[in-house]
Amino acid sequence: PSNKKTLIREMALLKIVSSKTNLKKAKKLCKKYRSVIIDNTEKSIILEVSALKKDIDQLVKKLQALGLASVSRTGVVAMTKGSDIYKQI
């Protein structure tokens, strides 16, 4: 359910293999999405990002021009906010 009482996110790992210039551009772009660099070499970076599905879709599209080589996504996960607990019957 998408409402004010539910947090909805998706997590993705993104691998970019490119020139130093493009890697620098990719890092700058990913800062807007509060990504975390989990691997960094001269020719590649792997980023972890947690966001709404539509935001990850936009990021993936933008990174394609910068050398996006691989994407792994969790799919959508959700949890109720505050002390409310979702119970399945």
# chains A, B, ... in the order shown; residues from 1 in each chain; ligands from 1

call {"tool": "residues_around", "arguments": {"residues": "Ser72 of chain A", "least_positions_apart": "5", "cutoff": "9 Å", "atoms": "only C-alpha atoms", "output": "MDAnalysis selection string"}}
result
chainID A and resid 11:15

call {"tool": "residues_around", "arguments": {"residues": "Ser35 of chain A", "least_positions_apart": "4", "cutoff": "10 Å", "atoms": "only C-alpha atoms", "output": "list in words"}}
result
Ala12, Leu13, Leu14, Lys27, Leu29, Cys30, Lys31, Ile46, Leu47, Glu48, Val49, Ser50 and Ala51 of chain A

call {"tool": "write_last_selection", "arguments": {"atoms": "C-alpha atoms", "output": "short mmCIF file (atom, residue, chain, number, x, y, z; two decimals), in the first residue's frame"}}
result
data_model
loop_
_atom_site.label_atom_id
_atom_site.label_comp_id
_atom_site.auth_asym_id
_atom_site.auth_seq_id
_atom_site.Cartn_x
_atom_site.Cartn_y
_atom_site.Cartn_z
CA ALA A 12 20.16 -1.46 -6.04
CA LEU A 13 23.83 -2.20 -6.65
CA LEU A 14 25.18 -0.37 -9.70
CA LYS A 27 29.89 9.81 -8.43
CA LEU A 29 25.34 12.35 -10.07
CA CYS A 30 24.85 9.61 -7.46
CA LYS A 31 25.35 12.01 -4.53
CA ILE A 46 30.10 -0.12 -7.39
CA LEU A 47 27.41 1.95 -5.73
CA GLU A 48 24.64 1.00 -3.35
CA VAL A 49 21.50 3.12 -3.49
CA SER A 50 18.21 2.90 -1.62
CA ALA A 51 15.32 4.92 -3.05
#

call {"tool": "residues_around", "arguments": {"residues": "Lys4 of chain A", "least_positions_apart": "5", "cutoff": "12 Å", "atoms": "only C-alpha atoms", "output": "VMD selection string"}}
result
chain A and resid 79 to 82

call {"tool": "select_by_dssp", "arguments": {"residues": "chain A", "states": "helix (DSSP H, G or I)", "output": "list in words"}}
result
Lys20, Thr21, Asn22, Leu23, Lys24, Lys25, Ala26, Lys27, Lys28, Leu29, Cys30, Lys31, Lys53, Lys54, Asp55, Ile56, Asp57, Gln58, Leu59, Val60, Lys61, Lys62, Leu63, Gln64, Ala65 and Leu66 of chain A

call {"tool": "closest_residue", "arguments": {"among": "A:Leu7, A:Val60, A:Ala78, A:Ile16", "to": "Tyr33 of chain A", "atoms": "only C-alpha atoms"}}
result
A:Val60

call {"tool": "closest_residue", "arguments": {"among": "A:Arg9, A:Lys28, A:Arg34, A:Ile45", "to": "Gly67 of chain A", "atoms": "only C-alpha atoms"}}
result
A:Ile45

call {"tool": "closest_residue", "arguments": {"among": "A:Val17, A:Ala26, A:Ile56, A:Leu63", "to": "Lys43 of chain A", "atoms": "only C-alpha atoms"}}
result
A:Val17

call {"tool": "atom_distance", "arguments": {"atom1": "atom CA of Asn40 of chain A", "atom2": "atom CA of Val77 of chain A"}}
result
27.3 Å

call {"tool": "select_by_dssp", "arguments": {"residues": "chain A", "states": "strand (DSSP E)", "output": "PyMOL selection string"}}
result
chain A and resi 6-17+36-40+44-51+68-80

call {"tool": "closest_residue", "arguments": {"among": "A:Thr6, A:Gln88, A:Thr41, A:Asn22", "to": "Gln64 of chain A", "atoms": "only C-alpha atoms"}}
result
A:Asn22

call {"tool": "atom_distance", "arguments": {"atom1": "atom CA of Leu52 of chain A", "atom2": "atom CA of Glu10 of chain A"}}
result
5.9 Å
